$ cat query-v3.pdb   # PDB, C-alpha atoms
MODEL        1
ATOM      1  CA  MET A   1     -34.551 -21.980  -1.609
ATOM      2  CA  ASP A   2     -34.462 -18.174  -1.552
ATOM      3  CA  ILE A   3     -31.677 -17.247  -3.976
ATOM      4  CA  GLU A   4     -31.669 -13.610  -2.928
ATOM      5  CA  LYS A   5     -31.137 -14.536   0.727
ATOM      6  CA  ILE A   6     -28.236 -16.797  -0.265
ATOM      7  CA  LYS A   7     -26.693 -14.024  -2.360
ATOM      8  CA  GLU A   8     -27.011 -11.608   0.536
ATOM      9  CA  LYS A   9     -25.463 -14.093   2.974
ATOM     10  CA  PHE A  10     -22.355 -14.528   0.848
ATOM     11  CA  ARG A  11     -22.114 -11.004  -0.548
ATOM     12  CA  LEU A  12     -18.644  -9.485  -0.251
ATOM     13  CA  THR A  13     -18.683  -6.419   1.961
ATOM     14  CA  GLY A  14     -14.949  -5.725   2.246
ATOM     15  CA  ASP A  15     -11.657  -6.117   0.388
ATOM     16  CA  TYR A  16      -8.695  -6.506   2.735
ATOM     17  CA  HIS A  17      -5.935  -7.112   0.186
ATOM     18  CA  THR A  18      -5.370  -4.313  -2.315
ATOM     19  CA  HIS A  19      -2.210  -2.779  -3.753
ATOM     20  CA  THR A  20      -1.551   0.738  -4.961
ATOM     21  CA  ILE A  21       1.205   2.572  -6.788
ATOM     22  CA  TYR A  22       3.073   2.617  -3.466
ATOM     23  CA  SER A  23       4.059  -0.987  -4.325
ATOM     24  CA  ARG A  24       6.614  -0.085  -6.936
ATOM     25  CA  ILE A  25      10.187  -0.421  -8.155
ATOM     26  CA  GLY A  26      11.409   2.446 -10.275
ATOM     27  CA  LEU A  27       8.766   3.214 -12.877
ATOM     28  CA  TYR A  28       7.017  -0.147 -12.449
ATOM     29  CA  ALA A  29       4.090  -0.127 -10.045
ATOM     30  CA  HIS A  30       2.705  -3.499  -8.941
ATOM     31  CA  GLY A  31      -0.510  -1.779  -7.942
ATOM     32  CA  LYS A  32      -2.140   0.224 -10.702
ATOM     33  CA  GLY A  33      -4.248   2.729  -8.777
ATOM     34  CA  LYS A  34      -3.810   5.526  -6.306
ATOM     35  CA  VAL A  35      -5.356   5.119  -2.852
ATOM     36  CA  VAL A  36      -8.391   7.207  -3.789
ATOM     37  CA  GLU A  37      -8.861   5.194  -6.986
ATOM     38  CA  ASN A  38      -8.888   1.927  -5.054
ATOM     39  CA  VAL A  39     -11.425   3.393  -2.654
ATOM     40  CA  ALA A  40     -13.601   4.690  -5.489
ATOM     41  CA  ALA A  41     -13.585   1.230  -7.099
ATOM     42  CA  ALA A  42     -14.624  -0.337  -3.786
ATOM     43  CA  VAL A  43     -17.467   2.140  -3.409
ATOM     44  CA  GLY A  44     -18.566   1.364  -6.953
ATOM     45  CA  LYS A  45     -18.825  -2.315  -6.017
ATOM     46  CA  GLY A  46     -20.902  -1.535  -2.944
ATOM     47  CA  LEU A  47     -18.249  -2.505  -0.388
ATOM     48  CA  LYS A  48     -18.393  -1.227   3.171
ATOM     49  CA  GLU A  49     -14.674  -1.567   3.948
ATOM     50  CA  ILE A  50     -11.398  -1.545   2.052
ATOM     51  CA  ALA A  51      -7.808  -1.968   3.181
ATOM     52  CA  ILE A  52      -4.717  -0.577   1.489
ATOM     53  CA  THR A  53      -2.181  -3.382   1.910
ATOM     54  CA  ASP A  54       0.903  -2.802  -0.169
ATOM     55  CA  HIS A  55       3.772  -5.280  -0.238
ATOM     56  CA  GLY A  56       6.206  -5.649   2.644
ATOM     57  CA  PRO A  57       9.513  -3.737   2.611
ATOM     58  CA  SER A  58      11.696  -6.672   1.516
ATOM     59  CA  ASP A  59       9.707  -7.201  -1.685
ATOM     60  CA  PHE A  60      11.328  -6.007  -4.915
ATOM     61  CA  TYR A  61       8.465  -3.547  -5.319
ATOM     62  CA  GLY A  62       7.741  -3.360  -1.633
ATOM     63  CA  LEU A  63       6.452  -0.472   0.410
ATOM     64  CA  SER A  64       8.901   2.032   1.857
ATOM     65  CA  LEU A  65       7.890   2.547   5.477
ATOM     66  CA  LYS A  66       8.905   6.187   5.075
ATOM     67  CA  LYS A  67       5.852   6.540   2.814
ATOM     68  CA  LEU A  68       3.363   5.559   5.539
ATOM     69  CA  PRO A  69       2.606   9.142   6.663
ATOM     70  CA  GLN A  70       1.791  10.038   3.039
ATOM     71  CA  ILE A  71      -0.430   6.961   2.685
ATOM     72  CA  ARG A  72      -2.256   7.943   5.877
ATOM     73  CA  GLU A  73      -2.813  11.384   4.362
ATOM     74  CA  ASP A  74      -4.105   9.801   1.148
ATOM     75  CA  ILE A  75      -6.493   7.663   3.189
ATOM     76  CA  ALA A  76      -7.729  10.726   5.094
ATOM     77  CA  GLU A  77      -8.388  12.568   1.833
ATOM     78  CA  ALA A  78     -10.187   9.556   0.365
ATOM     79  CA  ALA A  79     -12.296   9.289   3.529
ATOM     80  CA  LYS A  80     -13.462  12.880   3.025
ATOM     81  CA  ARG A  81     -14.584  12.088  -0.510
ATOM     82  CA  PHE A  82     -16.138   8.746   0.388
ATOM     83  CA  PRO A  83     -17.347   8.994   4.008
ATOM     84  CA  ARG A  84     -19.580   5.918   3.849
ATOM     85  CA  ILE A  85     -16.764   3.388   3.439
ATOM     86  CA  LYS A  86     -14.233   2.454   6.131
ATOM     87  CA  ILE A  87     -10.626   2.647   4.921
ATOM     88  CA  LEU A  88      -7.878   0.730   6.737
ATOM     89  CA  LEU A  89      -4.108   0.722   6.382
ATOM     90  CA  GLY A  90      -2.496  -2.708   6.344
ATOM     91  CA  VAL A  91       0.460  -4.396   4.705
ATOM     92  CA  GLU A  92       1.042  -7.706   2.952
ATOM     93  CA  ALA A  93       4.191  -8.711   4.813
ATOM     94  CA  ASP A  94       6.576 -11.226   3.288
ATOM     95  CA  ILE A  95       7.244 -14.530   5.030
ATOM     96  CA  VAL A  96      11.030 -14.801   5.411
ATOM     97  CA  ASP A  97      13.754 -16.129   7.693
ATOM     98  CA  SER A  98      13.720 -13.512  10.458
ATOM     99  CA  PRO A  99      13.180 -13.490  14.242
ATOM    100  CA  ASN A 100       9.383 -13.269  13.841
ATOM    101  CA  GLY A 101       9.195 -14.883  10.401
ATOM    102  CA  LEU A 102       8.221 -11.684   8.587
ATOM    103  CA  ASP A 103       9.844  -8.663   6.952
ATOM    104  CA  VAL A 104       7.792  -6.448   9.281
ATOM    105  CA  THR A 105       9.207  -6.315  12.798
ATOM    106  CA  ASP A 106       7.232  -6.528  16.023
ATOM    107  CA  GLU A 107       7.773  -2.800  16.553
ATOM    108  CA  GLU A 108       6.503  -1.974  13.056
ATOM    109  CA  PHE A 109       3.203  -3.807  13.594
ATOM    110  CA  GLY A 110       1.913  -0.730  15.406
ATOM    111  CA  LEU A 111       2.245   1.323  12.216
ATOM    112  CA  PHE A 112      -0.644  -0.584  10.636
ATOM    113  CA  ASP A 113      -4.270  -1.329  11.429
ATOM    114  CA  PHE A 114      -3.540  -4.992  10.695
ATOM    115  CA  VAL A 115      -0.968  -7.189   8.960
ATOM    116  CA  ASN A 116      -1.511  -9.810   6.272
ATOM    117  CA  ALA A 117       1.274 -12.223   5.351
ATOM    118  CA  GLY A 118       2.140 -14.291   2.314
ATOM    119  CA  TYR A 119       4.996 -16.074   0.611
ATOM    120  CA  HIS A 120       6.612 -14.173  -2.284
ATOM    121  CA  TYR A 121       9.840 -14.398  -4.206
ATOM    122  CA  VAL A 122      11.955 -12.161  -2.002
ATOM    123  CA  PRO A 123      15.440 -12.520  -0.478
ATOM    124  CA  ASN A 124      15.991 -14.662   2.601
ATOM    125  CA  CYS A 125      13.439 -17.412   1.845
ATOM    126  CA  HIS A 126      15.173 -19.825  -0.587
ATOM    127  CA  MET A 127      13.651 -17.736  -3.353
ATOM    128  CA  ILE A 128      15.622 -19.140  -6.308
ATOM    129  CA  ARG A 129      15.244 -22.775  -5.236
ATOM    130  CA  ASN A 130      11.503 -22.368  -4.789
ATOM    131  CA  TRP A 131      11.114 -20.535  -8.089
ATOM    132  CA  LEU A 132      12.951 -23.282  -9.982
ATOM    133  CA  ALA A 133      11.233 -26.183  -8.202
ATOM    134  CA  PHE A 134       7.769 -24.688  -8.658
ATOM    135  CA  ARG A 135       8.209 -24.250 -12.412
ATOM    136  CA  PHE A 136      10.443 -27.062 -13.595
ATOM    137  CA  PRO A 137      10.761 -30.787 -12.888
ATOM    138  CA  CYS A 138      12.884 -31.535  -9.847
ATOM    139  CA  ARG A 139      13.774 -34.413  -7.573
ATOM    140  CA  LYS A 140      11.084 -35.539  -5.175
ATOM    141  CA  SER A 141      13.547 -35.150  -2.298
ATOM    142  CA  THR A 142      14.185 -31.524  -3.290
ATOM    143  CA  LYS A 143      10.473 -30.799  -3.499
ATOM    144  CA  GLU A 144       9.793 -32.353  -0.099
ATOM    145  CA  ARG A 145      12.701 -30.518   1.548
ATOM    146  CA  LEU A 146      11.414 -27.206   0.220
ATOM    147  CA  ARG A 147       7.857 -28.109   1.232
ATOM    148  CA  LYS A 148       8.992 -28.622   4.824
ATOM    149  CA  GLN A 149      11.086 -25.437   4.886
ATOM    150  CA  ASN A 150       8.287 -23.324   3.410
ATOM    151  CA  THR A 151       5.720 -24.781   5.769
ATOM    152  CA  ASP A 152       7.976 -24.253   8.777
ATOM    153  CA  ARG A 153       8.306 -20.568   7.822
ATOM    154  CA  ILE A 154       4.556 -20.106   7.437
ATOM    155  CA  VAL A 155       3.759 -21.832  10.731
ATOM    156  CA  LYS A 156       6.394 -19.726  12.510
ATOM    157  CA  ALA A 157       5.006 -16.501  11.029
ATOM    158  CA  LEU A 158       1.475 -17.420  12.071
ATOM    159  CA  THR A 159       2.347 -18.495  15.598
ATOM    160  CA  CYS A 160       4.743 -15.599  16.327
ATOM    161  CA  ASN A 161       2.457 -12.835  15.067
ATOM    162  CA  ASN A 162      -1.133 -11.695  15.028
ATOM    163  CA  ILE A 163      -1.731 -12.183  11.296
ATOM    164  CA  HIS A 164      -5.102 -11.123   9.913
ATOM    165  CA  ILE A 165      -5.029 -12.991   6.588
ATOM    166  CA  LEU A 166      -2.676 -15.621   5.152
ATOM    167  CA  THR A 167      -2.592 -14.576   1.507
ATOM    168  CA  HIS A 168      -2.754 -17.080  -1.377
ATOM    169  CA  PRO A 169      -1.228 -20.061   0.527
ATOM    170  CA  GLY A 170       0.412 -22.587  -1.792
ATOM    171  CA  ASP A 171       1.113 -20.043  -4.493
ATOM    172  CA  LYS A 172       4.737 -19.768  -5.654
ATOM    173  CA  ALA A 173       6.037 -22.569  -3.396
ATOM    174  CA  TYR A 174       5.140 -26.053  -2.203
ATOM    175  CA  ILE A 175       3.561 -26.322   1.252
ATOM    176  CA  ASP A 176       2.080 -28.947   3.540
ATOM    177  CA  VAL A 177      -1.540 -27.834   3.308
ATOM    178  CA  HIS A 178      -2.633 -29.836   6.358
ATOM    179  CA  ARG A 179      -0.001 -28.236   8.604
ATOM    180  CA  VAL A 180      -0.785 -24.761   7.290
ATOM    181  CA  ALA A 181      -4.522 -25.298   7.740
ATOM    182  CA  LYS A 182      -3.975 -26.494  11.327
ATOM    183  CA  ALA A 183      -1.827 -23.445  12.074
ATOM    184  CA  CYS A 184      -4.530 -21.158  10.685
ATOM    185  CA  GLU A 185      -7.093 -22.950  12.838
ATOM    186  CA  ASP A 186      -4.919 -22.637  15.958
ATOM    187  CA  THR A 187      -4.199 -18.939  15.401
ATOM    188  CA  ASP A 188      -7.636 -17.955  14.040
ATOM    189  CA  THR A 189      -6.047 -16.644  10.842
ATOM    190  CA  LEU A 190      -8.214 -16.040   7.787
ATOM    191  CA  VAL A 191      -7.294 -17.916   4.601
ATOM    192  CA  GLU A 192      -7.459 -15.960   1.379
ATOM    193  CA  ILE A 193      -9.140 -17.198  -1.791
ATOM    194  CA  ASN A 194      -7.519 -15.050  -4.456
ATOM    195  CA  ALA A 195      -8.942 -14.914  -7.978
ATOM    196  CA  ARG A 196      -5.605 -13.751  -9.400
ATOM    197  CA  HIS A 197      -3.630 -16.736  -8.124
ATOM    198  CA  ARG A 198      -3.953 -20.458  -8.800
ATOM    199  CA  HIS A 199      -3.608 -21.399  -5.155
ATOM    200  CA  PRO A 200      -5.231 -22.450  -3.003
ATOM    201  CA  ASP A 201      -6.830 -24.595  -5.697
ATOM    202  CA  CYS A 202      -9.962 -26.725  -5.340
ATOM    203  CA  GLU A 203      -8.151 -29.705  -3.843
ATOM    204  CA  GLU A 204      -6.301 -27.517  -1.352
ATOM    205  CA  LEU A 205      -9.527 -25.775  -0.371
ATOM    206  CA  LYS A 206     -11.038 -29.176   0.410
ATOM    207  CA  VAL A 207      -8.171 -29.706   2.870
ATOM    208  CA  PHE A 208      -8.729 -26.304   4.496
ATOM    209  CA  GLU A 209     -12.426 -27.105   4.704
ATOM    210  CA  GLY A 210     -11.564 -30.000   7.010
ATOM    211  CA  TYR A 211     -10.295 -27.545   9.626
ATOM    212  CA  ASP A 212     -12.005 -24.816  11.586
ATOM    213  CA  VAL A 213     -10.822 -21.955   9.399
ATOM    214  CA  ARG A 214     -12.573 -18.981   7.854
ATOM    215  CA  PHE A 215     -11.970 -17.608   4.390
ATOM    216  CA  GLU A 216     -11.553 -14.104   3.036
TER
ENDMDL
END
$ encode --input "query-v3.pdb" --output "structure tokens"
Amino acid sequence: MDIEKIKEKFRLTGDYHTHTIYSRIGLYAHGKGKVVENVAAAVGKGLKEIAITDHGPSDFYGLSLKKLPQIREDIAEAAKRFPRIKILLGVEADIVDSPNGLDVTDEEFGLFDFVNAGYHYVPNCHMIRNWLAFRFPCRKSTKERLRKQNTDRIVKALTCNNIHILTHPGDKAYIDVHRVAKACEDTDTLVEINARHRHPDCEELKVFEGYDVRFE
């Protein structure tokens, strides 16, 4: 077994889920770095691509779409400093109750190079019920009702949109992993393995592995 060949085969070459100080509420920034700082960190790790994907507009520290021209300018400046890495502009849209299942409209998709989507604690998605059920003991019937509602939202978002990556599925709310995995298979959506979140965990990844899905 050639360890170096295995390392090269599975070497990360891109990061398609990063936040910057554009994800902020007041003085609190969810992302800690400026665009150029994120790019510099990616270059330092030997990546070939990086995407700036701040939170969707309905998030408490979500991106203001009015800031997109400035972010594009920041990306252009970073590209001048680091010409060997490809820099993309995306967004981590929130999965909510809306016509297309996201807080980014069909018309707004064209503002980005691609769109990721994930469940977060934002308005219009049974936020409080999910937060309580995910952290404290609750009735089995409540858990199962929320699991179905959350899964229905995710499946709708995936089937109604061209989603690049489903971010940290199963984090923050109960889901039917089999249904989500099948939807990702049907829509050719990447499934994120995120080191900063507990989900998908090992058991959930085994479920995803049973479907024709790819991971990011």
$ resolve_selection --input "query-v3.pdb" --expression "the PyMOL selection byres ((chain A and resi 152-156) around 8)" --output "ChimeraX atom specification"
/A:95-97,100-101,119,148-151,157-160,179-180,183
$ residues_around --input "query-v3.pdb" --residues "region 57-64 of chain A" --least-positions-apart "6" --cutoff "12 Å" --atoms "all atoms listed in the file" --output "ChimeraX atom specification"
/A:19-31,70-71,90-98,102-105,108,118-125,127
$ closest_residue --input "query-v3.pdb" --among "A:Val191, A:Ala41, A:Val36, A:Ile128" --to "Val207 (chain A)" --atoms "only C-alpha atoms"
A:Val191
$ resolve_selection --input "query-v3.pdb" --expression "the PyMOL selection byres ((chain A and resi 132) around 12)" --output "VMD selection string"
chain A and resid 121 126 to 131 133 to 139 142 to 143 146 172 to 174
$ atom_distance --input "query-v3.pdb" --atom1 "CA of Ala40 (chain A)" --atom2 "CA of Asp74 (chain A)"
12.7 Å
$ residues_around --input "query-v3.pdb" --residues "Glu209 (chain A)" --least-positions-apart "3" --cutoff "12 Å" --atoms "all atoms listed in the file" --output "count of residues only"
17
$ atom_distance --input "query-v3.pdb" --atom1 "CA of Thr13 (chain A)" --atom2 "CA of Lys48 (chain A)"
5.3 Å
$ residues_around --input "query-v3.pdb" --residues "Arg196 (chain A)" --least-positions-apart "5" --cutoff "12 Å" --atoms "all atoms listed in the file" --output "list in words"
His17, Thr18, Thr167, His168, Asp171 and Asp201 of chain A
$ atom_distance --input "query-v3.pdb" --atom1 "CA of Lys66 (chain A)" --atom2 "CA of Thr53 (chain A)"
15.0 Å
$ resolve_selection --input "query-v3.pdb" --expression "the PyMOL selection byres ((chain A and resi 164) around 10)" --output "short mmCIF file (atom, residue, chain, number, x, y, z; two decimals) with C-alpha atoms, keeping the file's coordinate frame"
data_model
loop_
_atom_site.label_atom_id
_atom_site.label_comp_id
_atom_site.auth_asym_id
_atom_site.auth_seq_id
_atom_site.Cartn_x
_atom_site.Cartn_y
_atom_site.Cartn_z
CA TYR A 16 -8.70 -6.51 2.74
CA GLY A 90 -2.50 -2.71 6.34
CA GLU A 92 1.04 -7.71 2.95
CA ASP A 113 -4.27 -1.33 11.43
CA PHE A 114 -3.54 -4.99 10.70
CA VAL A 115 -0.97 -7.19 8.96
CA ASN A 116 -1.51 -9.81 6.27
CA ALA A 117 1.27 -12.22 5.35
CA LEU A 158 1.48 -17.42 12.07
CA ASN A 161 2.46 -12.84 15.07
CA ASN A 162 -1.13 -11.70 15.03
CA ILE A 163 -1.73 -12.18 11.30
CA ILE A 165 -5.03 -12.99 6.59
CA LEU A 166 -2.68 -15.62 5.15
CA THR A 167 -2.59 -14.58 1.51
CA THR A 187 -4.20 -18.94 15.40
CA ASP A 188 -7.64 -17.95 14.04
CA THR A 189 -6.05 -16.64 10.84
CA LEU A 190 -8.21 -16.04 7.79
CA VAL A 191 -7.29 -17.92 4.60
CA GLU A 216 -11.55 -14.10 3.04
#
$ axis_aligned_box --input "query-v3.pdb" --around "region 146-161 of chain A" --padding-each-side "3 Å" --output "lines of an AutoDock Vina configuration file"
center_x = 6.4
center_y = -20.7
center_z = 8.3
size_x = 15.9
size_y = 21.8
size_z = 22.1
$ closest_residue --input "query-v3.pdb" --among "A:Ile75, A:Leu89, A:Leu47, A:Ile193" --to "Gly14 (chain A)" --atoms "all atoms listed in the file"
A:Leu47
